[in-house]
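Trainee: Below: one structure in structure tokens.
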Amino acid sequence: MANSTTNQNSGKRKSTPSAKEALITSEIRYRRLFESAKDGILILDAETGMIVDVNPFLIELLGYSKESFIEKTIWEIGFLKDIIDNKEKFLELQQKKYVRYEDLPLETADGRRIHVEFVSNVYLSDSQKVIQCNIRDITERKLSEATIINGKNMLRTLIDNLPAMIYIKDIECRKVIANITDIKNIGYQNEEEILGKTDIELFPGDIGQRGYADDQKVINLGIAINNRVEDFYNSEGKRSWISTTKIPLRNNEGEITGLVGIGYDITESKKIEEELTYAKEKAEESDRLKSAFLANMSHEIRTPMNGILGFTNLLQDPELTGEEQQEYIGIIQKSGDRMLNTVNDIINISKIEAGQTTVFVSEFNIDEQLKTIYSFFKPETDKKGIQFILKNSLTEQDDVIESDKEKLDSILTNLVKNAIKFCDKGKIEFGCFKKERGLQFYVKDSGIGIPLNRQQAIFERFIQADIDDKNALQGSGLGLAIAKAYTKMLGGKIWVESAEGQGSTFFFNIAYKSNKVHR
């Protein structure tokens with residue numbers, strides 16, 4: 001029995017704690033958490049706003065004594081004025097069970113500014129309605145965020161002020177970043193117009209397809225494109241030359257997430273390169289043509305000179321008949337004329353290139369000049385069996401003009417001589433008619449014609465010596481170059497219409513002053 005009584009008494013001693021004991025235990029636990037919390041805690045009376053408690057962390061964080069807090073209202077605390085600057089703000093804390101301010105500045109006792117996250121909750125404590133304010137220091141986080149933002153701004157400022165085109169595309173080849181130079185090069189005004197678009201959407205035709213294919217190659221295969229030169233047309237159709245580099249963009253795991261592109265506008269350097277290449281080709285061509293010209297001149301001067309010397313020696317034969325003497329004298333005269341024409345052409349082109357040729361304006365009758373040229377060449381065309389035709393469409397009132405007669409005569413003479421040289425049958429027609437702003441002349445033949453790829457070249461110096469035709473060896477190759485220069489001096493231009501095997505028609509026009517007088 002004694003043992004049984006003892007056991008019953010022992011069970012009674014293990015009864016559960018009283019409500020008061022539990023409350024004390026809870027308060028002790030809360031106090032420990034309050035004192036050791038790594039966030040600042042303020043306890044306010046919800047009715048008056050009076051601070052009733054503050055934890056050690058907040059005291060240390062702000063550097064104020066505990067006495068600076070206790071029994072003061074929240075709006076009396078100087079460092080809290082940025083948070084609670086009037087009683088209406090406190091009313092917000094009273095009326096809401098939960099209030100959160102993500103970023104509020106505080107001032108510490110030593111004058112530093114820190115950033116905190118402010119969260120308040122309303123609850124009952126010992127039948128007293130209180131507001132618990134949790135204050136977390138986020139200064140370092142804000143500094144990190146500011147550093148990141150500043151870094152992004154600095155990077156953006158840098159790429160926007162670089163002369164290179166810089167852009168980033170995502171895994172779908174869509175632009176996500178484009179600097180100012182790239183935007184302008186494409187032909188747009190702002191970045192929003194091109195973001196989210198692929199090259200196919202930004203550029204029509206082959207250029208867009210080519211750019212998109214390159215992007216896919218870089219992203220899908222991880223193969224970079226370095227300094228590739230390509231022609232480019234922007235949204236306005238303006239052509240340029242771009243040196244492009246595209247590099248795969250990878251994340252921390254090495255996975256490709258897009259690409260970075262860099263482009264340089266090399267249009268000016270490309271133009272210079274093309275000009276240098278063209279100049280080199282022209283210099284080589286000029287050197288070749290000069291060599292051909294000198295060889296032709298050697299032939300052109302030596303041939304008539306041999307004729308003059310040879311037949312001069314033959315004239316010394318006392319047994320020559322009168323008929324033979326006249327034949328030899330005629331050959332000597334033709335050889336002399338041929339050599340004189342060659343020398344005159346060389347002198348004329350030299351004066352033109354030296355800028356020593358001037359225009360001498362005088363009054364003359366264009367109809368009379370055309371008839372003189374006709375009479376001069378008629379025997380030669382008759383000898384070759386070519387029909388020679390003159391057509392003058394000018395009225396008597398327009399026949400008398402003011403221009404450089406000698407240069408006009410030189411142009412017409414060169415054109416008619418060429419027509420006779422390259423025409424063995426058929427006809428040659430030349431003439432003049434009035435145009436709105438001047439006179440237009442023409443010389444038309446039914447000769448061998450001129451290939452299309454030579455129709456511009458024939459007006460250049462020495463070019464005739466380069467033509468693969470036996471007739472080309474009979475002349476200096478300077479006649480058309482002189483005609484072109486003289487036409488320009490007279491305020492006009494010269495051109496040819498021709499088809500190979502179907503003859504040629506040379507046209508030129510001149511500016512003039514008509515005196516409109518009756519003959």
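Every chain in the structure tokens has a letter given in the order shown (A, B, ...), and although residue numbers restart at 1 in each chain, ligands are simply numbered from 1 in the order shown.
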From the DSSP assignment of the backbone, select every residue of stretch 235-400 of chain A that is helix (DSSP H, G or I), and format the answer as a VMD selection string.

Mentor: chain A and resid 267 to 315 322 to 354 366 to 384 396 to 398

Trainee: Would you please work out which residue, of A:Arg136, A:Lys246, A:Lys484, A:Lys152, is nearest to A:Lys169 when using only C-alpha atoms?

Mentor: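 Among the listed residues, the smallest separation from A:Lys169 belongs to A:Lys246.
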
Trainee: Report as a PyMOL selection string all protein, DNA and RNA residues lying within 10 Å of stretch 409-423 of chain A, evaluated on only C-alpha atoms, omitting residues in the same chain fewer than 2 positions from it.

Mentor: chain A and resi 366+369-370+372-374+376-377+380-381+384+386+388+404-407+425-431+441-450+469-472+474-475+478-487+494+503-508

Trainee: What is the distance, in Å and to one decimal place, between atom CA of A:Asn509 and atom CA of A:Lys435?

Mentor: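 Atom-to-atom, atom CA of A:Asn509 to atom CA of A:Lys435, that is 8.6 Å.
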
Trainee: Would you mind listing what lies within 12 Å of A:Gln189 as number ranges by chain, with only C-alpha atoms counted and same-chain residues fewer than 4 positions away left out?

Mentor: A: 178-185, 193-194, 235

Trainee: Looking only at strand (DSSP E) from DSSP on the backbone, list the matching residues of stretch 272-474 of chain A as a PyMOL selection string.

Mentor: chain A and resi 362-365+387-392+400-403+427-435+438-445

Trainee: Identify which of the residues A:Gln456, A:Thr147, A:Pro451, A:Asp199 lies closest to A:Ala499, counting only C-alpha atoms when measuring atom-to-atom distances.

Mentor: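 Nearest candidate to A:Ala499 out of A:Gln456, A:Thr147, A:Pro451, A:Asp199: A:Pro451.
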
Trainee: For atom CA of A:Glu230 and atom CA of A:Thr245, quote the distance in Å rounded to one decimal.

Mentor: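 Computing the Euclidean distance for atom CA of A:Glu230 and atom CA of A:Thr245 yields 11.1 Å.
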
Trainee: Between atom CA of A:Gln440 and atom CA of A:Lys513, what distance in Å does the model show, to one decimal?

Mentor: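 Separation of atom CA of A:Gln440 and atom CA of A:Lys513: 13.6 Å.
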
Trainee: For stretch 42-49 of chain A, please output as a ChimeraX atom specification all residues within 6 Å (counting only C-alpha atoms; exclusion window: fewer than 6 positions along the same chain).

Mentor: /A:73,129-133

Trainee: As a list in words, please: the residues near stretch 55-61 of chain A (cut-off 6 Å, only C-alpha atoms, same-chain neighbours under 4 positions excluded).

Mentor: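 Skipping anything fewer than 4 positions along the chain leaves Glu35, Gly40 and Ile41 of chain A.
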
Trainee: Mind checking which residues fall within 10 Å of A:Lys270, counting only C-alpha atoms, ignoring those fewer than 6 positions away in the same chain, and posting them as a list of chain:residue names?

Mentor: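 The residues that qualify are A:Val229, A:Ser240, A:Trp241, A:Ile242, A:Leu276.
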
Trainee: Keeping only N, CA, C and O atoms, write those residues as an mmCIF file, in the first residue's frame.

Mentor:
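Wrote result-v9.cif, looks like this:
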data_model
loop_
_atom_site.group_PDB
_atom_site.id
_atom_site.type_symbol
_atom_site.label_atom_id
_atom_site.label_comp_id
_atom_site.auth_asym_id
_atom_site.auth_seq_id
_atom_site.Cartn_x
_atom_site.Cartn_y
_atom_site.Cartn_z
ATOM 1 N N VAL A 229 34.251 41.430 -95.020
ATOM 2 C CA VAL A 229 33.818 42.632 -95.740
ATOM 3 C C VAL A 229 32.659 42.267 -96.653
ATOM 4 O O VAL A 229 32.746 41.307 -97.431
ATOM 5 N N SER A 240 26.611 50.751 -98.699
ATOM 6 C CA SER A 240 27.858 50.966 -97.966
ATOM 7 C C SER A 240 28.604 49.639 -97.893
ATOM 8 O O SER A 240 28.087 48.588 -98.270
ATOM 9 N N TRP A 241 29.841 49.703 -97.379
ATOM 10 C CA TRP A 241 30.650 48.500 -97.181
ATOM 11 C C TRP A 241 30.922 48.366 -95.688
ATOM 12 O O TRP A 241 31.338 49.311 -95.036
ATOM 13 N N ILE A 242 30.680 47.167 -95.153
ATOM 14 C CA ILE A 242 30.796 46.920 -93.717
ATOM 15 C C ILE A 242 31.780 45.783 -93.469
ATOM 16 O O ILE A 242 31.737 44.749 -94.149
ATOM 17 N N LEU A 276 42.264 53.444 -106.114
ATOM 18 C CA LEU A 276 43.669 53.083 -106.324
ATOM 19 C C LEU A 276 43.792 51.953 -107.337
ATOM 20 O O LEU A 276 44.674 51.970 -108.200
#
